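Structure file coords_20.txt; described as compact mmCIF, C-alpha atoms.
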# COMPACT_ATOMS: atom_id res chain seq x y z
CA MET A 980 7.96 -64.56 -114.99
CA ARG A 981 8.63 -62.07 -117.66
CA LEU A 982 12.05 -61.21 -119.04
CA ILE A 983 12.12 -57.87 -117.26
CA THR A 984 12.23 -59.86 -114.02
CA HIS A 985 14.59 -62.54 -115.28
CA ASN A 986 16.99 -59.68 -116.08
CA MET A 987 17.41 -59.11 -112.32
CA LEU A 988 17.88 -62.72 -111.19
CA LYS A 989 21.34 -64.06 -110.48
CA CYS A 990 22.47 -67.36 -109.00
CA HIS A 991 23.10 -66.80 -105.28
CA VAL A 992 24.36 -70.22 -104.25
CA ARG A 993 27.29 -69.93 -101.85
CA GLY A 994 30.61 -69.92 -103.68
CA CYS A 995 29.04 -69.49 -107.11
CA ASP A 996 31.04 -66.34 -107.76
CA ASP A 997 32.02 -66.49 -111.43
CA SER A 998 30.19 -63.45 -112.73
CA SER A 999 30.57 -64.64 -116.33
CA LYS A 1000 28.46 -67.70 -115.47
CA ASN A 1001 26.13 -66.94 -112.56
CA PHE A 1002 24.17 -64.44 -114.67
CA PRO A 1003 22.01 -64.61 -116.65
CA LEU A 1004 20.39 -67.84 -115.58
CA GLU A 1005 19.65 -70.09 -118.53
CA ILE A 1006 15.95 -70.66 -119.08
CA GLN A 1007 15.17 -74.26 -120.00
CA ASP A 1008 12.04 -76.24 -120.82
CA ALA A 1009 10.12 -73.00 -120.98
CA GLN A 1010 6.40 -73.00 -121.47
CA LEU A 1011 5.85 -69.54 -122.88
CA GLU A 1012 2.63 -67.61 -123.10
CA GLN A 1013 1.89 -64.28 -124.72
CA ILE A 1014 0.01 -61.94 -122.44
CA GLU A 1015 -1.48 -58.62 -123.31
CA ALA A 1016 -0.12 -55.58 -121.54
CA GLU A 1017 -0.84 -51.95 -122.19
CA LYS A 1018 2.05 -50.31 -124.00
CA ASN A 1019 3.79 -47.70 -121.89
CA ASP A 1020 6.64 -45.99 -123.71
CA ALA A 1021 7.59 -43.75 -120.80
CA PHE A 1022 8.07 -46.81 -118.62
CA LEU A 1023 10.22 -48.57 -121.24
CA VAL A 1024 12.37 -45.51 -121.80
CA ARG A 1025 12.91 -45.12 -118.06
CA MET A 1026 13.68 -48.80 -117.48
CA PHE A 1027 15.92 -49.17 -120.52
CA PRO A 1028 19.13 -47.87 -118.86
CA ARG A 1029 18.51 -50.26 -115.94
CA LEU A 1030 18.52 -53.34 -118.19
CA GLU A 1031 21.44 -55.73 -118.52
CA TRP A 1032 21.32 -55.62 -122.30
CA ASN A 1033 23.62 -58.52 -123.19
CA ALA A 1034 21.83 -60.79 -120.74
CA LEU A 1035 18.48 -59.81 -122.21
CA VAL A 1036 19.62 -60.44 -125.80
CA SER A 1037 21.16 -63.84 -125.05
CA THR A 1038 18.15 -64.95 -123.00
CA ALA A 1039 15.73 -63.85 -125.69
CA LYS A 1040 17.74 -65.73 -128.32
CA ASN A 1041 17.55 -68.86 -126.22
CA LEU A 1042 13.78 -68.53 -126.38
CA SER A 1043 13.99 -68.05 -130.16
CA ILE A 1044 13.28 -64.34 -129.90
CA ASN A 1045 15.78 -62.95 -132.37
CA ASN A 1046 14.63 -59.42 -133.06
CA LEU A 1047 16.61 -57.52 -130.41
CA PRO A 1048 19.69 -55.65 -131.65
CA GLU A 1049 23.00 -57.06 -130.37
CA LYS A 1050 24.43 -53.65 -129.72
CA ILE A 1051 22.88 -51.46 -127.03
CA PRO A 1052 20.56 -49.20 -128.99
CA GLU A 1053 20.64 -45.43 -128.63
CA ASN A 1054 17.84 -42.86 -128.53
CA ILE A 1055 15.23 -45.51 -127.99
CA GLU A 1056 12.57 -42.90 -127.22
CA GLU A 1057 12.51 -42.04 -130.92
CA ASP A 1058 12.57 -45.62 -132.12
CA GLN A 1059 8.94 -46.77 -132.21
CA ALA A 1060 9.80 -50.10 -133.82
CA LEU A 1061 12.27 -50.94 -131.07
CA LEU A 1062 9.88 -49.81 -128.31
CA GLU A 1063 7.29 -52.14 -129.78
CA ILE A 1064 9.76 -55.04 -129.70
CA LEU A 1065 10.92 -54.21 -126.17
CA HIS A 1066 7.34 -54.07 -124.98
CA THR A 1067 6.60 -57.50 -126.41
CA VAL A 1068 9.83 -59.07 -125.20
CA LEU A 1069 9.93 -57.58 -121.70
CA LEU A 1070 6.28 -57.34 -120.74
CA GLU A 1071 4.20 -59.62 -122.94
CA THR A 1072 6.33 -62.74 -123.04
CA ASN A 1073 5.70 -64.78 -119.92
CA VAL A 1074 7.50 -67.93 -118.83
CA LYS A 1075 4.62 -69.79 -117.24
CA GLU A 1076 6.50 -72.98 -116.41
CA GLY A 1077 10.11 -73.98 -116.73
CA ARG A 1078 13.38 -73.68 -114.95
CA MET A 1079 16.43 -71.48 -114.75
CA VAL A 1080 19.79 -73.19 -114.62
CA CYS A 1081 23.00 -71.59 -113.41
CA ARG A 1082 25.76 -71.96 -116.01
CA GLY A 1083 28.29 -71.87 -113.19
CA CYS A 1084 27.20 -74.29 -110.48
CA GLY A 1085 24.30 -75.97 -112.25
CA HIS A 1086 21.74 -75.04 -109.62
CA ILE A 1087 18.17 -75.27 -110.87
CA TYR A 1088 15.59 -72.65 -109.98
CA ALA A 1089 12.06 -73.70 -110.85
CA ILE A 1090 9.48 -71.44 -112.44
CA LYS A 1091 5.96 -72.50 -111.50
CA ASN A 1092 2.75 -70.74 -112.38
CA SER A 1093 4.83 -67.75 -113.59
CA VAL A 1094 6.72 -67.39 -110.30
CA PRO A 1095 10.48 -67.96 -110.18
CA ASN A 1096 11.53 -69.75 -107.02
CA MET A 1097 14.80 -68.31 -105.75
CA LEU A 1098 14.67 -70.08 -102.37
CA LEU A 1099 17.74 -72.09 -101.43
CA ALA A 1100 18.27 -74.71 -98.75
CA GLU A 1101 20.28 -73.51 -95.78
CA HIS A 1102 23.39 -75.42 -96.78
CA GLU A 1103 23.36 -73.94 -100.27
CA ILE A 1104 23.44 -70.34 -99.18
CA MET B 171 -8.39 -40.87 -106.62
CA LYS B 172 -9.69 -39.93 -103.20
CA LEU B 173 -8.42 -41.64 -100.07
CA LYS B 174 -11.82 -43.05 -99.16
CA GLN B 175 -12.21 -44.42 -102.66
CA LEU B 176 -8.84 -46.16 -102.52
CA GLU B 177 -9.62 -47.66 -99.14
CA SER B 178 -12.96 -48.91 -100.37
CA TYR B 179 -11.45 -50.43 -103.55
CA LEU B 180 -9.03 -52.35 -101.34
CA GLN B 181 -11.76 -54.01 -99.30
CA ASN B 182 -11.90 -56.94 -101.71
CA VAL B 183 -8.24 -57.87 -101.38
CA GLU B 184 -8.14 -61.36 -99.97
CA ASN B 185 -5.77 -61.78 -97.04
CA PHE B 186 -3.94 -64.68 -95.37
CA ASP B 187 -6.13 -67.68 -94.60
CA GLU B 188 -3.78 -68.81 -91.88
CA PRO B 189 -1.01 -66.34 -91.12
CA LYS B 190 2.28 -68.11 -90.45
CA ILE B 191 3.95 -67.23 -87.19
CA GLU B 192 7.43 -68.05 -88.48
CA PHE B 193 7.12 -65.34 -91.12
CA GLU B 194 5.41 -62.93 -88.71
CA GLN B 195 2.61 -62.50 -91.19
CA TYR B 196 -0.09 -60.11 -90.25
CA PRO B 197 -2.34 -58.52 -92.77
CA THR B 198 -1.90 -54.98 -93.99
CA THR B 199 -5.42 -53.60 -93.70
CA PRO B 200 -7.08 -51.56 -96.45
CA HIS B 201 -7.14 -48.67 -93.97
CA LEU B 202 -3.39 -48.81 -93.49
CA ALA B 203 -2.46 -49.55 -97.10
CA SER B 204 -4.63 -46.77 -98.48
CA ARG B 205 -3.06 -44.21 -96.13
CA ILE B 206 0.49 -45.24 -96.91
CA ILE B 207 0.10 -45.30 -100.66
CA TYR B 208 -2.18 -42.26 -100.84
CA THR B 209 0.34 -40.20 -98.86
CA ALA B 210 3.27 -41.56 -100.86
CA GLU B 211 1.57 -40.34 -104.03
CA ASN B 212 -0.21 -37.18 -103.03
CA VAL B 213 2.44 -35.69 -100.78
CA PHE B 214 5.62 -37.13 -102.28
CA GLN B 215 4.69 -38.22 -105.86
CA ASP B 216 6.38 -41.57 -105.35
CA ILE B 217 3.75 -43.93 -106.83
CA GLN B 218 2.16 -42.81 -110.10
CA GLY B 219 4.29 -43.70 -113.11
CA LYS B 220 6.87 -45.34 -110.86
CA THR B 221 8.50 -48.75 -110.81
CA ILE B 222 7.96 -50.20 -107.37
CA ALA B 223 9.16 -53.12 -105.28
CA ASP B 224 7.01 -54.54 -102.47
CA LEU B 225 9.22 -56.52 -100.09
CA GLY B 226 7.50 -59.20 -98.09
CA CYS B 227 4.47 -58.45 -100.22
CA GLY B 228 2.36 -61.25 -98.75
CA CYS B 229 -1.12 -61.18 -100.28
CA GLY B 230 -0.26 -57.95 -102.05
CA MET B 231 -2.25 -55.24 -100.28
CA LEU B 232 0.46 -52.60 -100.88
CA THR B 233 1.14 -53.91 -104.39
CA ILE B 234 -2.51 -53.56 -105.32
CA ALA B 235 -2.86 -50.18 -103.62
CA SER B 236 0.17 -48.96 -105.60
CA LEU B 237 -1.27 -50.18 -108.88
CA LEU B 238 -4.64 -48.61 -108.12
CA MET B 239 -2.73 -45.35 -107.60
CA GLU B 240 -1.32 -45.87 -111.10
CA ALA B 241 2.16 -47.18 -110.43
CA ASP B 242 3.65 -48.35 -113.74
CA PHE B 243 4.90 -51.69 -112.48
CA VAL B 244 5.23 -53.50 -109.16
CA THR B 245 7.52 -56.40 -108.32
CA GLY B 246 6.49 -58.28 -105.21
CA ILE B 247 8.96 -60.45 -103.33
CA ASP B 248 7.87 -62.95 -100.71
CA ILE B 249 9.16 -66.12 -99.12
CA ASP B 250 5.76 -67.79 -98.73
CA LYS B 251 4.26 -69.69 -101.66
CA ASP B 252 0.81 -69.79 -100.08
CA ALA B 253 0.72 -66.01 -99.75
CA ILE B 254 1.94 -65.70 -103.34
CA GLU B 255 -0.93 -67.87 -104.51
CA ILE B 256 -3.43 -65.57 -102.81
CA LEU B 257 -1.62 -62.56 -104.28
CA GLN B 258 -1.95 -64.03 -107.78
CA ASN B 259 -5.67 -64.52 -107.28
CA ASN B 260 -5.95 -60.96 -106.04
CA LEU B 261 -4.10 -59.59 -109.06
CA ASP B 262 -6.40 -61.57 -111.35
CA GLU B 263 -9.51 -60.36 -109.53
CA TYR B 264 -8.39 -56.74 -109.88
CA GLU B 265 -7.34 -57.38 -113.50
CA ILE B 266 -3.88 -55.91 -112.92
CA SER B 267 -1.73 -59.03 -113.35
CA GLU B 268 0.03 -57.61 -116.39
CA SER B 269 1.52 -54.80 -114.28
CA ALA B 270 2.92 -56.99 -111.55
CA GLU B 271 5.59 -59.63 -111.16
CA ILE B 272 6.24 -61.92 -108.23
CA ILE B 273 9.49 -63.48 -107.06
CA CYS B 274 9.59 -66.16 -104.38
CA ALA B 275 12.74 -65.45 -102.38
CA ASN B 276 14.27 -65.10 -98.95
CA LEU B 277 16.04 -61.78 -98.44
CA SER B 278 18.01 -63.13 -95.51
CA LYS B 279 20.51 -65.85 -94.81
CA SER B 280 21.97 -67.10 -91.54
CA SER B 281 25.58 -66.40 -90.70
CA SER B 282 27.74 -68.93 -88.90
CA LYS B 283 26.81 -67.10 -85.68
CA LYS B 284 23.13 -67.66 -86.45
CA GLU B 285 22.79 -63.98 -87.11
CA LEU B 286 20.55 -62.90 -89.99
CA LEU B 287 22.37 -61.33 -92.90
CA LEU B 288 21.14 -59.75 -96.11
CA ASP B 289 21.55 -62.09 -99.10
CA THR B 290 23.37 -59.54 -101.22
CA ASN B 291 24.08 -62.04 -104.00
CA LEU B 292 20.36 -62.51 -104.52
CA LEU B 293 19.81 -58.77 -104.79
CA ASP B 294 22.94 -57.95 -106.78
CA LYS B 295 21.21 -57.38 -110.12
CA MET B 296 18.26 -55.57 -108.55
CA HIS B 297 20.46 -52.75 -107.27
CA LYS B 298 18.66 -49.41 -107.73
CA LYS B 299 16.30 -50.89 -110.32
CA PHE B 300 13.22 -49.53 -108.53
CA ASP B 301 12.04 -45.97 -108.04
CA THR B 302 10.22 -46.65 -104.78
CA VAL B 303 10.04 -49.47 -102.24
CA VAL B 304 6.89 -50.05 -100.20
CA MET B 305 6.74 -52.68 -97.49
CA ASN B 306 5.22 -54.00 -94.33
CA PRO B 307 8.13 -56.12 -93.13
CA PRO B 308 8.23 -58.67 -90.33
CA PHE B 309 9.00 -56.92 -87.04
CA GLY B 310 11.62 -59.33 -85.80
CA THR B 311 9.81 -59.99 -82.55
CA LYS B 312 9.74 -63.76 -82.98
CA PRO B 313 12.80 -65.53 -81.54
CA GLY B 314 15.32 -66.20 -84.28
CA ASN B 315 13.95 -63.33 -86.33
CA ALA B 316 15.73 -60.56 -84.46
CA GLY B 317 16.92 -57.86 -86.81
CA ILE B 318 14.80 -58.91 -89.77
CA ASP B 319 13.03 -55.54 -89.78
CA MET B 320 16.35 -53.74 -90.26
CA LEU B 321 17.43 -56.30 -92.82
CA PHE B 322 14.33 -55.51 -94.90
CA LEU B 323 15.19 -51.81 -94.64
CA GLU B 324 18.72 -52.55 -95.77
CA ALA B 325 17.32 -54.44 -98.77
CA ALA B 326 14.99 -51.54 -99.53
CA VAL B 327 17.88 -49.05 -99.47
CA TYR B 328 19.75 -51.33 -101.89
CA LEU B 329 16.82 -51.65 -104.30
CA SER B 330 15.34 -48.17 -104.28
CA LYS B 331 16.63 -45.22 -106.28
CA GLY B 332 14.32 -42.95 -104.33
CA ALA B 333 11.96 -43.29 -101.43
CA ILE B 334 11.03 -46.11 -99.09
CA TYR B 335 7.73 -46.49 -97.24
CA SER B 336 7.87 -48.97 -94.42
CA LEU B 337 5.99 -49.99 -91.29
CA HIS B 338 7.74 -50.52 -87.99
CA LYS B 339 7.06 -51.02 -84.35
CA SER B 340 7.00 -47.78 -82.41
CA SER B 341 9.56 -49.05 -79.93
CA THR B 342 12.19 -49.21 -82.67
CA ARG B 343 11.69 -45.60 -83.77
CA ASP B 344 14.87 -44.02 -82.40
CA TYR B 345 17.03 -46.87 -83.58
CA ILE B 346 15.58 -46.75 -87.08
CA ILE B 347 16.02 -43.01 -87.40
CA LYS B 348 19.63 -43.27 -86.24
CA THR B 349 20.46 -46.17 -88.56
CA CYS B 350 18.88 -44.54 -91.59
CA LYS B 351 20.86 -41.37 -90.97
CA LYS B 352 23.97 -43.52 -91.09
CA TRP B 353 22.82 -44.88 -94.46
CA GLY B 354 22.38 -41.34 -95.78
CA TYR B 355 18.62 -41.27 -95.57
CA SER B 356 16.42 -38.82 -93.81
CA CYS B 357 13.49 -40.42 -92.14
CA GLU B 358 10.23 -39.16 -90.83
CA VAL B 359 7.26 -40.66 -89.12
CA LEU B 360 4.29 -40.22 -91.40
CA ALA B 361 1.65 -41.66 -89.20
CA GLN B 362 1.25 -43.32 -85.91
CA LEU B 363 -1.40 -45.94 -85.91
CA LYS B 364 -3.26 -47.06 -82.88
CA PHE B 365 -3.43 -50.45 -81.21
CA ASP B 366 -0.96 -53.04 -82.30
CA ILE B 367 -0.43 -51.62 -85.74
CA PRO B 368 3.01 -50.15 -86.19
CA LYS B 369 4.15 -46.77 -87.33
CA MET B 370 4.51 -45.84 -90.91
CA TYR B 371 7.77 -44.30 -92.00
CA ASN B 372 8.98 -42.51 -95.04
CA PHE B 373 12.61 -42.57 -96.05
CA HIS B 374 14.06 -40.15 -98.51
CA LYS B 375 17.61 -39.60 -99.52
CA LYS B 376 18.99 -36.64 -97.66
CA ASN B 377 19.30 -34.43 -100.70
CA SER B 378 15.62 -34.73 -101.52
CA VAL B 379 13.12 -32.13 -100.44
CA ASP B 380 11.70 -32.77 -97.03
CA ILE B 381 8.07 -32.15 -96.47
CA ASN B 382 6.79 -32.41 -92.97
CA VAL B 383 3.80 -34.60 -92.69
CA ASP B 384 2.13 -35.52 -89.54
CA LEU B 385 -0.74 -37.84 -90.18
CA ILE B 386 -2.30 -39.11 -87.06
CA PRO B 387 -5.54 -40.80 -87.91
CA ASN B 388 -8.17 -41.25 -85.26

What is this structure when it is put down as structure tokens?
Amino acid sequence: MRLITHNMLKCHVRGCDDSSKNFPLEIQDAQLEQIEAEKNDAFLVRMFPRLEWNALVSTAKNLSINNLPEKIPENIEEDQALLEILHTVLLETNVKEGRMVCRGCGHIYAIKNSVPNMLLAEHEI
Amino acid sequence: MKLKQLESYLQNVENFDEPKIEFEQYPTTPHLASRIIYTAENVFQDIQGKTIADLGCGCGMLTIASLLMEADFVTGIDIDKDAIEILQNNLDEYEISESAEIICANLSKSSSKKELLLDTNLLDKMHKKFDTVVMNPPFGTKPGNAGIDMLFLEAAVYLSKGAIYSLHKSSTRDYIIKTCKKWGYSCEVLAQLKFDIPKMYNFHKKNSVDINVDLIPN
């Protein structure tokens, strides 16, 4: 699971409605791997407005990735340095194993072989 | 890429070893996948350079077809871990893993009346994050699965900023067209496939340009 995907995953346990806590899910015990992906600026520029920036920055920090600006950057299409960082953070950093924990209800979602498991038991949903 | 070429490239996609009845898994054939994705790109420009979601992606036939037609990125969502494992092998074989992500999830949840409902909390942060949705959803013919086909469509409408390409049983055609109109989508039948393979639909928001396509392969 790469951070571009993590940026779209929210706790969906029944009753876990505190939006300040059910997103982003906190990544723990992460086994990270760097993968190589072809850089695609047009894709990054198009996806940028769809990102939850604060969630991305705090998640990256948790993984000791500290080079994203805190404030939502502007004119990213002209900012090669930032595009390079975004490419690495969003598309080349893969959580191979680990778990995502909800800061609201504590539910644990496992990440196995790069796939986040968002399945819940019937009584949890 | 030519249609024949795409279809032939897809021949090596490994499919379900043992399709699971409860998930109504049936393979999307290279023939079918190539026609859907080829049309989506060459008639509607909905694949190349696009960010795509494949709902109920299974072993990834539509995901792989989309990437072969130069989609930027595809996110596959499926409930079945076994299918996901095959999909991962497929992505590795085709050397396109870096352009795809997989989420194991169930789009539906049961209501107190045992009715299937869309799990909107799960999808909340995926709202309109994708340019195009492609899918071959379960048909809802298995008892207990009634309505799952429409639920997948509802999810697709929620996720897609643009078009949706989806396969459905011919018998549901009128109902689907009516429902999609209600959702503000125009809908057309792109191809009718013989035997037990369902029809292929294209959904565009009403304000988009409509192009009439009538693909009826032999």

What box, with edges along x, y and z, holds each listed atom of range 258-265 of chain B when 4 Å is added on every side, and can you state its centre and edge lengths in Å to one decimal, as JSON?
{"center_x": -5.7, "center_y": -60.6, "center_z": -109.8, "size_x": 15.6, "size_y": 15.8, "size_z": 15.5}

**Request:** Choose the residue, out of B:Asp301, B:Glu358, B:Glu268, B:Asp319, that has the smallest atom-to-atom separation from chain A; count only C-alpha atoms.
**Result:** B:Glu268

**Message:** Just the number, please: distance in Å from CA of Glu184 in chain B to CA of Cys229 in chain B, one decimal.
**Reply:** 7.0 Å

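With CA of Leu1011 in chain A on one side and CA of Lys1040 in chain A on the other, the separation reads 13.6 Å.
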
**Message:** Ranking B:Ser236, B:Asn276, B:Gln218, B:Gln181 by minimum distance to Lys251 in chain B and counting only C-alpha atoms, which one comes first?
**Reply:** B:Asn276

**Message:** For a quick check of understanding, using only C-alpha atoms, which of B:Ser336, B:Asn185, B:Met320, B:Ile247 has the smallest distance to Leu1098 in chain A?
**Reply:** B:Ile247

**Message:** Can you pull out the residues contacting Trp1032 in chain A? Cut-off 9 Å, using all atoms listed in the file, and skip same-chain residues under 4 positions away; I want them as a ChimeraX atom specification.
**Reply:** /A:986,1027-1028,1036-1037,1049-1051

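Here the residues that fall within 7 Å of (5.3, -62.3, -109.6), using all atoms listed in the file, are given as Met980, Ser1093 and Val1094 of chain A; Thr245, Gly246, Ala270, Glu271, Ile272 and Ile273 of chain B.
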
For Gly310 in chain B: contacts at 9 Å, only C-alpha atoms, fewer than 5 positions along chain excluded, given as a PDB file with C-alpha atoms, keeping the file's coordinate frame:
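The result, stored in result_2.pdb:
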ATOM      1  CA  GLU B 194       5.410 -62.930 -88.710  1.00  0.00           C
ATOM      2  CA  ASN B 315      13.950 -63.330 -86.330  1.00  0.00           C
ATOM      3  CA  ALA B 316      15.730 -60.560 -84.460  1.00  0.00           C
ATOM      4  CA  GLY B 317      16.920 -57.860 -86.810  1.00  0.00           C
ATOM      5  CA  ILE B 318      14.800 -58.910 -89.770  1.00  0.00           C
ATOM      6  CA  ASP B 319      13.030 -55.540 -89.780  1.00  0.00           C
ATOM      7  CA  MET B 320      16.350 -53.740 -90.260  1.00  0.00           C
TER       8      MET B 320
END

**Request:** Pull out every residue of chain B that has at least one atom within 12 Å of chain A, counting all atoms listed in the file, and report them as a ChimeraX atom specification.
**Result:** /B:218-223,241-251,254-255,257-259,265-282,284,287-301,329,331

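Using all atoms listed in the file for every distance, the candidate list A:Asp1058, A:Glu1005, A:Glu1053, A:Glu1012 yields A:Glu1005 as the residue closest to His1086 in chain A.
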
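Going from CA of Lys1000 in chain A to CA of Leu1065 in chain A covers 24.6 Å.
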
**Asked** If we count only C-alpha atoms, what is near Met1079 in chain A at a cut-off of 6 Å, once residues fewer than 2 positions away on the same chain are taken out, given as a ChimeraX atom specification?
**Response** /A:1004-1006,1087-1088

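For the set B:Ser204, B:Thr349, B:Thr311, B:Gln175, the residue with the smallest atom-to-atom gap to Glu192 in chain B is B:Thr311, counting all atoms listed in the file.
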
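Closest approach to His1066 in chain A among A:Lys1091, A:Val1024, A:Asn1033, A:Leu1042: A:Val1024, based on all atoms listed in the file.
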
Should you be able to, write range 1048-1075 of chain A of this structure into a file that contains N, CA and C atoms, as a PDB file, in the first residue's frame.
ATOM      1  N   PRO A1048       6.044  19.967   2.695  1.00  0.00           N
ATOM      2  CA  PRO A1048       5.704  21.232   3.352  1.00  0.00           C
ATOM      3  C   PRO A1048       4.402  21.111   4.141  1.00  0.00           C
ATOM      4  N   GLU A1049       4.350  21.761   5.308  1.00  0.00           N
ATOM      5  CA  GLU A1049       3.155  21.707   6.158  1.00  0.00           C
ATOM      6  C   GLU A1049       1.967  22.363   5.465  1.00  0.00           C
ATOM      7  N   LYS A1050       2.253  23.486   4.841  1.00  0.00           N
ATOM      8  CA  LYS A1050       1.193  24.248   4.209  1.00  0.00           C
ATOM      9  C   LYS A1050       0.940  23.701   2.810  1.00  0.00           C
ATOM     10  N   ILE A1051      -0.307  23.684   2.396  1.00  0.00           N
ATOM     11  CA  ILE A1051      -0.613  23.190   1.043  1.00  0.00           C
ATOM     12  C   ILE A1051       0.138  24.032   0.023  1.00  0.00           C
ATOM     13  N   PRO A1052       1.012  23.402  -0.731  1.00  0.00           N
ATOM     14  CA  PRO A1052       1.801  24.178  -1.693  1.00  0.00           C
ATOM     15  C   PRO A1052       0.937  24.682  -2.858  1.00  0.00           C
ATOM     16  N   GLU A1053       1.442  25.725  -3.502  1.00  0.00           N
ATOM     17  CA  GLU A1053       0.732  26.277  -4.662  1.00  0.00           C
ATOM     18  C   GLU A1053       1.592  26.110  -5.905  1.00  0.00           C
ATOM     19  N   ASN A1054       0.952  26.180  -7.039  1.00  0.00           N
ATOM     20  CA  ASN A1054       1.649  26.070  -8.342  1.00  0.00           C
ATOM     21  C   ASN A1054       2.628  24.902  -8.376  1.00  0.00           C
ATOM     22  N   ILE A1055       2.161  23.736  -8.028  1.00  0.00           N
ATOM     23  CA  ILE A1055       3.111  22.633  -7.938  1.00  0.00           C
ATOM     24  C   ILE A1055       3.654  22.231  -9.305  1.00  0.00           C
ATOM     25  N   GLU A1056       2.918  22.567 -10.363  1.00  0.00           N
ATOM     26  CA  GLU A1056       3.397  22.174 -11.703  1.00  0.00           C
ATOM     27  C   GLU A1056       4.735  22.828 -12.052  1.00  0.00           C
ATOM     28  N   GLU A1057       5.033  23.947 -11.359  1.00  0.00           N
ATOM     29  CA  GLU A1057       6.305  24.616 -11.661  1.00  0.00           C
ATOM     30  C   GLU A1057       7.380  24.257 -10.636  1.00  0.00           C
ATOM     31  N   ASP A1058       7.047  23.436  -9.700  1.00  0.00           N
ATOM     32  CA  ASP A1058       7.959  23.155  -8.593  1.00  0.00           C
ATOM     33  C   ASP A1058       8.544  21.741  -8.739  1.00  0.00           C
ATOM     34  N   GLN A1059       9.599  21.646  -9.541  1.00  0.00           N
ATOM     35  CA  GLN A1059      10.192  20.335  -9.826  1.00  0.00           C
ATOM     36  C   GLN A1059      10.641  19.600  -8.561  1.00  0.00           C
ATOM     37  N   ALA A1060      11.191  20.360  -7.623  1.00  0.00           N
ATOM     38  CA  ALA A1060      11.700  19.732  -6.402  1.00  0.00           C
ATOM     39  C   ALA A1060      10.555  19.080  -5.641  1.00  0.00           C
ATOM     40  N   LEU A1061       9.428  19.780  -5.558  1.00  0.00           N
ATOM     41  CA  LEU A1061       8.280  19.250  -4.836  1.00  0.00           C
ATOM     42  C   LEU A1061       7.678  18.054  -5.582  1.00  0.00           C
ATOM     43  N   LEU A1062       7.607  18.137  -6.900  1.00  0.00           N
ATOM     44  CA  LEU A1062       7.070  17.021  -7.689  1.00  0.00           C
ATOM     45  C   LEU A1062       7.903  15.757  -7.458  1.00  0.00           C
ATOM     46  N   GLU A1063       9.211  15.975  -7.361  1.00  0.00           N
ATOM     47  CA  GLU A1063      10.113  14.850  -7.107  1.00  0.00           C
ATOM     48  C   GLU A1063       9.788  14.207  -5.741  1.00  0.00           C
ATOM     49  N   ILE A1064       9.611  15.068  -4.752  1.00  0.00           N
ATOM     50  CA  ILE A1064       9.287  14.575  -3.402  1.00  0.00           C
ATOM     51  C   ILE A1064       7.940  13.856  -3.400  1.00  0.00           C
ATOM     52  N   LEU A1065       6.940  14.491  -4.026  1.00  0.00           N
ATOM     53  CA  LEU A1065       5.606  13.890  -4.072  1.00  0.00           C
ATOM     54  C   LEU A1065       5.638  12.520  -4.748  1.00  0.00           C
ATOM     55  N   HIS A1066       6.395  12.447  -5.828  1.00  0.00           N
ATOM     56  CA  HIS A1066       6.518  11.183  -6.547  1.00  0.00           C
ATOM     57  C   HIS A1066       7.064  10.094  -5.621  1.00  0.00           C
ATOM     58  N   THR A1067       8.131  10.440  -4.906  1.00  0.00           N
ATOM     59  CA  THR A1067       8.746   9.459  -4.018  1.00  0.00           C
ATOM     60  C   THR A1067       7.811   9.076  -2.869  1.00  0.00           C
ATOM     61  N   VAL A1068       7.181  10.091  -2.286  1.00  0.00           N
ATOM     62  CA  VAL A1068       6.330   9.824  -1.118  1.00  0.00           C
ATOM     63  C   VAL A1068       5.068   9.061  -1.512  1.00  0.00           C
ATOM     64  N   LEU A1069       4.417   9.491  -2.577  1.00  0.00           N
ATOM     65  CA  LEU A1069       3.109   8.912  -2.928  1.00  0.00           C
ATOM     66  C   LEU A1069       3.216   7.589  -3.671  1.00  0.00           C
ATOM     67  N   LEU A1070       4.223   7.480  -4.540  1.00  0.00           N
ATOM     68  CA  LEU A1070       4.226   6.346  -5.473  1.00  0.00           C
ATOM     69  C   LEU A1070       5.394   5.375  -5.320  1.00  0.00           C
ATOM     70  N   GLU A1071       6.432   5.800  -4.585  1.00  0.00           N
ATOM     71  CA  GLU A1071       7.582   4.904  -4.486  1.00  0.00           C
ATOM     72  C   GLU A1071       7.799   4.363  -3.081  1.00  0.00           C
ATOM     73  N   THR A1072       7.025   4.873  -2.137  1.00  0.00           N
ATOM     74  CA  THR A1072       7.134   4.381  -0.769  1.00  0.00           C
ATOM     75  C   THR A1072       5.988   3.412  -0.514  1.00  0.00           C
ATOM     76  N   ASN A1073       6.328   2.161  -0.309  1.00  0.00           N
ATOM     77  CA  ASN A1073       5.301   1.122  -0.180  1.00  0.00           C
ATOM     78  C   ASN A1073       5.332   0.514   1.222  1.00  0.00           C
ATOM     79  N   VAL A1074       4.154   0.462   1.844  1.00  0.00           N
ATOM     80  CA  VAL A1074       4.054  -0.242   3.119  1.00  0.00           C
ATOM     81  C   VAL A1074       3.764  -1.700   2.793  1.00  0.00           C
ATOM     82  N   LYS A1075       4.795  -2.525   2.937  1.00  0.00           N
ATOM     83  CA  LYS A1075       4.647  -3.928   2.547  1.00  0.00           C
ATOM     84  C   LYS A1075       3.892  -4.716   3.614  1.00  0.00           C
TER      85      LYS A1075
END
